[in-house]
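**Student:** Sending over structure.txt (compact mmCIF, C-alpha atoms and all ligand atoms).
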```txt
# COMPACT_ATOMS: atom_id res chain seq x y z
CA MET A 43 5.12 -14.09 -18.26
CA GLU A 44 5.27 -10.28 -18.32
CA ARG A 45 6.90 -8.63 -21.31
CA VAL A 46 9.12 -5.58 -21.79
CA LEU A 47 9.43 -3.87 -25.16
CA ALA A 48 12.42 -1.69 -26.03
CA PHE A 49 11.32 0.23 -29.13
CA GLY A 50 14.15 2.20 -30.75
CA CYS A 51 14.75 3.88 -34.08
CA HIS A 52 17.73 1.96 -35.53
CA PRO A 53 19.08 -1.52 -34.93
CA ASP A 54 21.78 -0.90 -32.23
CA ASP A 55 20.11 2.10 -30.46
CA ILE A 56 18.76 -0.24 -27.79
CA GLU A 57 22.09 -1.99 -27.32
CA PHE A 58 23.76 1.36 -26.65
CA MET A 59 21.17 2.79 -24.29
CA ALA A 60 19.13 0.08 -22.56
CA ALA A 61 20.50 -3.44 -23.12
CA GLY A 62 21.90 -3.69 -19.57
CA THR A 63 18.47 -2.95 -18.10
CA LEU A 64 16.87 -5.47 -20.46
CA ALA A 65 19.41 -8.09 -19.38
CA LEU A 66 18.51 -7.48 -15.73
CA LEU A 67 14.80 -7.77 -16.53
CA ALA A 68 15.44 -11.00 -18.47
CA GLU A 69 17.25 -12.38 -15.43
CA ARG A 70 14.15 -11.61 -13.38
CA GLY A 71 11.87 -13.56 -15.69
CA TYR A 72 10.68 -10.91 -18.14
CA GLU A 73 10.20 -11.85 -21.80
CA ILE A 74 12.32 -9.41 -23.82
CA HIS A 75 11.21 -7.77 -27.07
CA LEU A 76 13.30 -5.40 -29.17
CA ALA A 77 11.77 -3.36 -31.99
CA THR A 78 13.02 -0.67 -34.33
CA MET A 79 11.11 1.79 -36.49
CA ALA A 80 13.77 1.78 -39.22
CA GLY A 81 16.01 -0.93 -40.65
CA GLY A 82 19.27 1.05 -40.79
CA GLU A 83 19.13 1.52 -44.55
CA VAL A 84 21.81 4.23 -44.77
CA GLY A 85 24.38 2.65 -42.47
CA SER A 86 26.94 1.38 -44.94
CA PRO A 87 29.71 2.82 -47.11
CA THR A 88 29.64 -0.16 -49.51
CA LEU A 89 26.29 -2.02 -49.54
CA ASN A 90 23.05 -0.72 -51.06
CA SER A 91 20.04 0.03 -48.84
CA GLN A 92 18.34 -3.33 -49.32
CA GLN A 93 21.55 -5.24 -48.62
CA ILE A 94 22.43 -3.31 -45.48
CA ARG A 95 18.85 -3.53 -44.21
CA ALA A 96 18.87 -7.33 -44.63
CA GLN A 97 22.16 -7.56 -42.77
CA ARG A 98 21.08 -5.25 -39.96
CA LEU A 99 17.82 -7.08 -39.32
CA LYS A 100 19.81 -10.30 -38.92
CA GLU A 101 22.21 -8.57 -36.53
CA ALA A 102 19.28 -7.26 -34.46
CA GLU A 103 17.73 -10.74 -34.28
CA ARG A 104 21.03 -12.22 -33.15
CA SER A 105 21.32 -9.57 -30.44
CA ALA A 106 17.78 -10.20 -29.16
CA ARG A 107 18.47 -13.94 -28.99
CA ILE A 108 21.26 -13.32 -26.46
CA LEU A 109 18.46 -12.47 -24.01
CA ARG A 110 16.27 -15.27 -25.43
CA GLY A 111 14.21 -12.38 -26.76
CA TYR A 112 12.46 -11.41 -29.98
CA TYR A 113 13.12 -8.72 -32.55
CA HIS A 114 10.36 -6.87 -34.43
CA PHE A 115 10.97 -4.66 -37.45
CA ALA A 116 8.32 -1.97 -37.86
CA GLY A 117 9.14 -1.42 -41.54
CA GLY A 118 10.24 2.23 -41.65
CA PHE A 119 13.08 3.66 -43.73
CA ASP A 120 16.10 5.40 -42.26
CA LEU A 121 16.06 9.24 -42.34
CA GLU A 122 12.51 9.18 -43.78
CA LEU A 123 10.45 8.60 -40.63
CA GLU A 124 7.49 10.92 -40.22
CA TYR A 125 4.91 11.46 -37.55
CA ASN A 126 2.00 10.43 -39.73
CA ASN A 127 -0.86 7.92 -39.84
CA HIS A 128 1.16 5.25 -41.65
CA TYR A 129 3.83 5.12 -38.95
CA ARG A 130 1.24 5.66 -36.20
CA LYS A 131 -0.50 2.45 -37.27
CA ILE A 132 2.64 0.34 -37.47
CA ALA A 133 3.88 1.56 -34.08
CA VAL A 134 0.53 0.57 -32.55
CA ARG A 135 0.62 -2.78 -34.37
CA VAL A 136 4.00 -3.65 -32.82
CA ILE A 137 2.86 -2.64 -29.33
CA ARG A 138 -0.39 -4.61 -29.61
CA GLU A 139 1.48 -7.68 -30.89
CA VAL A 140 3.90 -7.62 -27.97
CA ASN A 141 1.37 -6.44 -25.35
CA PRO A 142 4.10 -5.23 -22.97
CA GLN A 143 3.83 -4.19 -19.35
CA ILE A 144 6.84 -1.88 -19.80
CA VAL A 145 7.98 0.13 -22.84
CA LEU A 146 11.40 1.78 -23.22
CA THR A 147 12.13 4.21 -26.06
CA CYS A 148 14.22 7.12 -27.35
CA PRO A 149 14.01 10.44 -25.46
CA PRO A 150 11.87 13.29 -26.87
CA MET A 151 15.01 15.34 -27.54
CA ASP A 152 18.01 13.71 -29.14
CA TYR A 153 20.70 14.46 -31.72
CA LEU A 154 18.75 12.97 -34.64
CA VAL A 155 15.21 13.88 -35.72
CA ASP A 156 14.50 10.20 -36.52
CA HIS A 157 15.09 9.39 -32.84
CA GLU A 158 12.73 12.19 -31.79
CA ILE A 159 10.01 11.03 -34.19
CA THR A 160 10.41 7.47 -32.92
CA SER A 161 9.97 8.80 -29.39
CA GLN A 162 6.74 10.57 -30.40
CA LEU A 163 5.40 7.58 -32.31
CA VAL A 164 6.11 5.13 -29.48
CA ARG A 165 4.79 7.49 -26.82
CA ASN A 166 1.55 7.93 -28.73
CA ALA A 167 1.27 4.25 -29.62
CA ALA A 168 1.72 3.23 -25.98
CA PHE A 169 -1.21 5.49 -25.10
CA ILE A 170 -3.61 4.61 -27.93
CA ALA A 171 -2.86 0.87 -28.31
CA SER A 172 -5.61 0.21 -25.76
CA VAL A 173 -8.21 2.31 -27.62
CA PRO A 174 -10.44 -0.38 -29.18
CA LEU A 175 -11.64 1.71 -32.12
CA PHE A 176 -8.14 2.72 -33.25
CA ASP A 177 -7.53 0.63 -36.37
CA CYS A 178 -3.87 -0.34 -36.73
CA GLY A 179 -4.51 -2.14 -40.02
CA VAL A 180 -4.41 -5.73 -38.75
CA SER A 181 -6.88 -7.66 -36.67
CA ILE A 182 -5.29 -7.83 -33.25
CA THR A 183 -6.61 -7.44 -29.72
CA PRO A 184 -6.15 -3.93 -28.28
CA MET A 185 -4.00 -3.64 -25.14
CA GLY A 186 -5.88 -4.14 -21.88
CA LYS A 187 -4.19 -1.13 -20.26
CA ILE A 188 -1.63 1.61 -20.85
CA PRO A 189 1.93 0.37 -20.17
CA TYR A 190 4.69 1.92 -18.10
CA LEU A 191 6.75 4.13 -20.42
CA TYR A 192 10.37 5.22 -20.00
CA TYR A 193 12.77 7.25 -22.14
CA TRP A 194 16.44 6.33 -22.17
CA ASN A 195 19.17 8.99 -22.21
CA ALA A 196 20.07 11.02 -25.32
CA ILE A 197 23.26 10.31 -27.26
CA GLU A 198 26.17 11.92 -25.39
CA GLY A 199 23.74 12.72 -22.57
CA LYS A 200 22.62 16.05 -23.98
CA ASP A 201 19.73 17.68 -25.83
CA ILE A 202 20.20 19.75 -29.00
CA PHE A 203 21.09 22.80 -26.90
CA GLY A 204 23.84 20.88 -25.11
CA ARG A 205 21.88 20.60 -21.85
CA PRO A 206 21.61 17.36 -19.84
CA LEU A 207 18.18 15.72 -19.96
CA PRO A 208 16.07 15.81 -16.77
CA LEU A 209 17.02 12.23 -15.89
CA GLN A 210 15.22 10.83 -12.85
CA PHE A 211 17.09 7.67 -12.07
CA GLY A 212 19.63 5.20 -13.37
CA VAL A 213 19.88 1.44 -13.35
CA ASP A 214 23.18 -0.03 -12.11
CA ILE A 215 24.12 -2.32 -15.01
CA SER A 216 27.69 -3.07 -13.86
CA SER A 217 26.94 -6.81 -13.61
CA MET A 218 25.57 -6.85 -17.17
CA MET A 219 28.30 -5.05 -19.10
CA ILE A 220 29.61 -8.26 -20.67
CA THR A 221 26.13 -9.12 -21.94
CA LYS A 222 25.59 -5.56 -23.15
CA GLU A 223 28.86 -5.62 -25.09
CA LYS A 224 28.05 -9.03 -26.53
CA MET A 225 24.71 -7.70 -27.81
CA LEU A 226 26.31 -4.60 -29.32
CA ARG A 227 28.98 -6.69 -31.03
CA CYS A 228 26.22 -8.49 -32.96
CA HIS A 229 25.93 -5.27 -34.97
CA GLU A 230 29.12 -5.94 -36.91
CA SER A 231 28.15 -3.76 -39.86
CA GLN A 232 27.87 -0.72 -37.61
CA ALA A 233 31.27 -1.16 -36.05
CA GLU A 234 32.64 -1.00 -39.61
CA TRP A 235 30.45 1.99 -40.50
CA LEU A 236 31.51 3.97 -37.46
CA LYS A 237 35.13 3.17 -38.18
CA TYR A 238 34.60 4.44 -41.74
CA ILE A 239 33.08 7.76 -40.54
CA THR A 240 35.26 8.44 -37.51
CA LYS A 241 38.46 6.73 -38.71
CA TRP A 242 38.53 5.19 -35.23
CA ASP A 243 37.47 1.77 -34.03
CA ALA A 244 35.16 3.37 -31.50
CA TYR A 245 32.01 1.26 -31.46
CA THR A 246 32.16 -0.59 -28.16
CA GLU A 247 34.32 2.11 -26.56
CA LYS A 248 31.59 4.68 -27.18
CA MET A 249 29.04 2.40 -25.52
CA LYS A 250 31.30 1.88 -22.51
CA GLN A 251 31.93 5.63 -22.17
CA ALA A 252 28.19 6.35 -22.26
CA SER A 253 27.47 3.60 -19.70
CA LYS A 254 30.24 4.94 -17.49
CA ALA A 255 28.89 8.50 -17.71
CA ASP A 256 25.40 7.27 -16.74
CA GLY A 257 27.04 5.24 -13.95
CA GLN A 258 28.65 8.42 -12.61
CA ARG A 259 25.24 10.08 -12.51
CA ILE A 260 24.15 7.48 -9.93
CA GLY A 261 27.48 6.84 -8.20
CA ARG A 262 27.95 3.36 -9.69
CA GLN A 263 30.48 1.95 -12.15
CA TYR A 264 28.15 1.54 -15.14
CA GLY A 265 24.58 2.68 -15.56
CA GLU A 266 21.68 3.44 -17.87
CA CYS A 267 19.61 6.50 -16.97
CA PHE A 268 15.93 7.00 -17.67
CA ILE A 269 13.03 9.43 -17.46
CA GLN A 270 9.60 7.99 -16.71
CA HIS A 271 6.68 9.29 -18.76
CA LEU A 272 4.26 10.55 -16.13
CA GLY A 273 1.57 12.05 -18.35
CA SER A 274 -2.05 11.44 -17.38
CA GLY A 275 -3.23 7.90 -18.05
CA HIS A 276 0.15 6.19 -17.60
CA PRO A 277 1.02 4.33 -14.38
CA GLN A 278 2.69 6.74 -11.94
CA ASP A 279 4.71 4.35 -9.77
CA ASN A 280 8.22 3.32 -10.86
CA ILE A 281 7.90 -0.37 -11.65
CA LEU A 282 11.61 -0.63 -12.52
CA LYS A 283 12.36 0.30 -8.89
CA THR A 284 9.90 -2.35 -7.71
CA ILE A 285 11.52 -5.02 -9.90
CA LEU A 286 15.19 -4.05 -9.62
CA GLY A 287 15.27 -2.64 -6.07
CA ASP A 288 18.66 -1.24 -5.03
CA LEU A 289 19.93 -1.36 -8.60
CA VAL A 290 17.67 1.63 -9.33
CA VAL A 291 19.24 4.82 -7.99
CA GLU A 292 17.99 8.41 -8.26
CA THR A 293 20.30 10.68 -10.26
CA ASN A 294 21.80 13.54 -8.31
CA ALA A 295 21.71 17.02 -9.79
CA SER A 296 25.45 17.69 -9.54
CA SER A 297 26.49 14.56 -11.41
CA ALA A 298 23.66 15.00 -13.93
CA SER A 299 25.26 18.16 -15.24
CA CYS A 300 28.77 16.75 -15.71
CA GLY A 301 28.03 15.53 -19.26
CA ILE A 302 30.40 13.27 -21.17
ZN ZN B 401 19.89 5.57 -33.88
```
Please express what this file holds, its structure, as structure tokens.

**Tutor:**
Amino acid sequence: MERVLAFGCHPDDIEFMAAGTLALLAERGYEIHLATMAGGEVGSPTLNSQQIRAQRLKEAERSARILRGYYHFAGGFDLELEYNNHYRKIAVRVIREVNPQIVLTCPPMDYLVDHEITSQLVRNAAFIASVPLFDCGVSITPMGKIPYLYYWNAIEGKDIFGRPLPLQFGVDISSMMITKEKMLRCHESQAEWLKYITKWDAYTEKMKQASKADGQRIGRQYGECFIQHLGSGHPQDNILKTILGDLVVETNASSASCGI
């Protein structure tokens, strides 16, 4: 069975940006793996870091189980991620353990530096996980080849200068919105946290708005847009198009600039 790994920064990033695509891949026989670099240690107004981390890891596991999938915690700490050898090794360890054909991660430019560092770490790990002499700290077989790598959209569909990302295509996830919402709702602590910060019960509404905006970029009701990493060494064909067929639609330039 082929595997797909969605490797985000915080528990709930994946549910916002790529859970619909994962649900479609699960339906087509892929084994689903979710991983996060950090454990969401600052995401609570009332619990301490250890308590909220413990709760968030459980929420992430529950969400992964909806797709009969697995959750992996890389062991990083919220707002303290760095592009260094410690995190490089643990990102490679997770990728070697899962041995995925496809990797999805945060975009290189996003609203939070932790997301951008996660993107760098995962990008690099996807490339070097097959280098036999790279020591990730545990004895595990290196990857046989470099996986397909995709970046999901940035939060609110914009980079730090307010520009839309150069999205290439979107996946029509309209048939999977119920599953996507069910996965997001596993992250109960974050719904409370967002309500505390925004004074608005916005959690699932924000996800729906973002999915709708990505849907508009491809002329469908709900979508998730992606950019494929096409650097040298990575596969150049779009395997998501091969697997998902007509559900994968190229973004058009006019709708890409509408923002949300
Ligand atoms: Zn996040």

**Student:** Hey, which residues come within 6 Å of ligand ZN 401 (chain B) if we count only C-alpha atoms and all ligand atoms? Could you give them as a PyMOL selection string?

**Tutor:** chain A and resi 51-52+55

**Student:** As an exercise, work out the distance from CA of Met218 (chain A) to CA of Gly62 (chain A) in Å and give it to one decimal place.

**Tutor:**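 Distance between the two atoms: 5.4 Å.
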
**Student:** Can you work out which one of A:Glu122, A:Glu57, A:Glu69, A:Glu103 has the shortest atom-to-atom distance to Ser217 (chain A), counting all atoms listed in the file?

**Tutor:**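 Counting all atoms listed in the file, the residue closest to Ser217 (chain A) is A:Glu69.
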
**Student:** Set the distance at 9 Å and use all atoms listed in the file: which residues neighbour Lys131 (chain A) once local chain neighbours fewer than 2 positions away are removed? I'd like the list as an NGL selection string.

**Tutor:** :A and (126-129 or 133-136 or 167 or 176-179)

**Student:** Nearest to His271 (chain A) among A:Val46, A:Ile108, A:Ala96, A:Leu146, with distances taken over only C-alpha atoms: which residue is it?

**Tutor:**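 With only C-alpha atoms as the atom set, the closest residue is A:Leu146.
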
**Student:** So, with only C-alpha atoms as the atoms that count, which of A:Lys187, A:Arg259, A:His75, A:Lys237 lies closest to Ile170 (chain A)?

**Tutor:**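 Under the stated criterion, the closest residue is A:Lys187.
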
**Student:** Between A:Ile197, A:Leu207, A:Cys228, A:Ile132, single out the one closest to Thr293 (chain A), counting only C-alpha atoms.

**Tutor:** A:Leu207

**Student:** Would you pick out the contacts of region 279-291 of chain A at 10 Å or less, using only C-alpha atoms, so that residues sharing its chain but fewer than 6 positions from it are not included, and give the list as a PDB file with C-alpha atoms, in the frame of the given file?

**Tutor:**
```pdb
ATOM      1  CA  THR A  63      18.470  -2.950 -18.100  1.00  0.00           C
ATOM      2  CA  LEU A  66      18.510  -7.480 -15.730  1.00  0.00           C
ATOM      3  CA  LEU A  67      14.800  -7.770 -16.530  1.00  0.00           C
ATOM      4  CA  ARG A  70      14.150 -11.610 -13.380  1.00  0.00           C
ATOM      5  CA  GLN A 143       3.830  -4.190 -19.350  1.00  0.00           C
ATOM      6  CA  ILE A 144       6.840  -1.880 -19.800  1.00  0.00           C
ATOM      7  CA  TYR A 190       4.690   1.920 -18.100  1.00  0.00           C
ATOM      8  CA  LEU A 191       6.750   4.130 -20.420  1.00  0.00           C
ATOM      9  CA  TYR A 192      10.370   5.220 -20.000  1.00  0.00           C
ATOM     10  CA  GLN A 210      15.220  10.830 -12.850  1.00  0.00           C
ATOM     11  CA  PHE A 211      17.090   7.670 -12.070  1.00  0.00           C
ATOM     12  CA  GLY A 212      19.630   5.200 -13.370  1.00  0.00           C
ATOM     13  CA  VAL A 213      19.880   1.440 -13.350  1.00  0.00           C
ATOM     14  CA  ASP A 214      23.180  -0.030 -12.110  1.00  0.00           C
ATOM     15  CA  ILE A 215      24.120  -2.320 -15.010  1.00  0.00           C
ATOM     16  CA  SER A 216      27.690  -3.070 -13.860  1.00  0.00           C
ATOM     17  CA  GLY A 257      27.040   5.240 -13.950  1.00  0.00           C
ATOM     18  CA  ARG A 259      25.240  10.080 -12.510  1.00  0.00           C
ATOM     19  CA  ILE A 260      24.150   7.480  -9.930  1.00  0.00           C
ATOM     20  CA  GLY A 261      27.480   6.840  -8.200  1.00  0.00           C
ATOM     21  CA  ARG A 262      27.950   3.360  -9.690  1.00  0.00           C
ATOM     22  CA  GLY A 265      24.580   2.680 -15.560  1.00  0.00           C
ATOM     23  CA  GLU A 266      21.680   3.440 -17.870  1.00  0.00           C
ATOM     24  CA  CYS A 267      19.610   6.500 -16.970  1.00  0.00           C
ATOM     25  CA  GLN A 270       9.600   7.990 -16.710  1.00  0.00           C
ATOM     26  CA  LEU A 272       4.260  10.550 -16.130  1.00  0.00           C
TER      27      LEU A 272
END
```

**Student:** Between A:Asp54, A:Val173, A:Gln251, A:Ala80, which has the minimum distance to Arg104 (chain A) (counting all atoms listed in the file)?

**Tutor:**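 Of the candidates, the smallest distance to Arg104 (chain A) is held by A:Asp54.
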
**Student:** From the list A:Ala60, A:Ile137, A:Met225, A:Met151, which residue is nearest Gly186 (chain A) when using only C-alpha atoms?

**Tutor:**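 When distances to Gly186 (chain A) are compared using only C-alpha atoms, the smallest one comes from A:Ile137.
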
**Student:** Calculate how many Å separate CA of Ser274 (chain A) from CA of Leu209 (chain A), rounding to one decimal.

**Tutor:**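 So the two atoms, CA of Ser274 (chain A) and CA of Leu209 (chain A), lie 19.1 Å apart.
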
**Student:** Determine, counting only C-alpha atoms, which protein, DNA and RNA residues have an atom within 10 Å of an atom of Ser91 (chain A); residues of the same chain fewer than 5 positions away are not included. Present the result as a ChimeraX atom specification.

**Tutor:** /A:81-86,96-97,119-120

**Student:** Between CA of Thr78 (chain A) and CA of His114 (chain A), measure the distance and give it in Å to one decimal.

**Tutor:**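 A separation of 6.7 Å between them.
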
**Student:** Give the padded box for region 135-148 of chain A as AutoDock Vina command-line options: axis-aligned, covering all atoms listed in the file, 6 Å on each side, centre and edge lengths in Å to one decimal.

**Tutor:**
```
--center_x 6.9 --center_y -0.3 --center_z -26.9 --size_x 26.6 --size_y 26.8 --size_z 27.0
```

**Student:** So that I can see what lies close to Tyr245 (chain A), please list as a list in words the residues with an atom at most 10 Å from it, counting all atoms listed in the file and leaving out residues fewer than 5 positions away in the same chain.

**Tutor:**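 Everything that qualifies: Phe58, Glu223, Leu226, Arg227, His229, Glu230, Gln232, Ala233, Glu234, Trp235, Leu236, Lys237, Thr240 and Lys250 of chain A.
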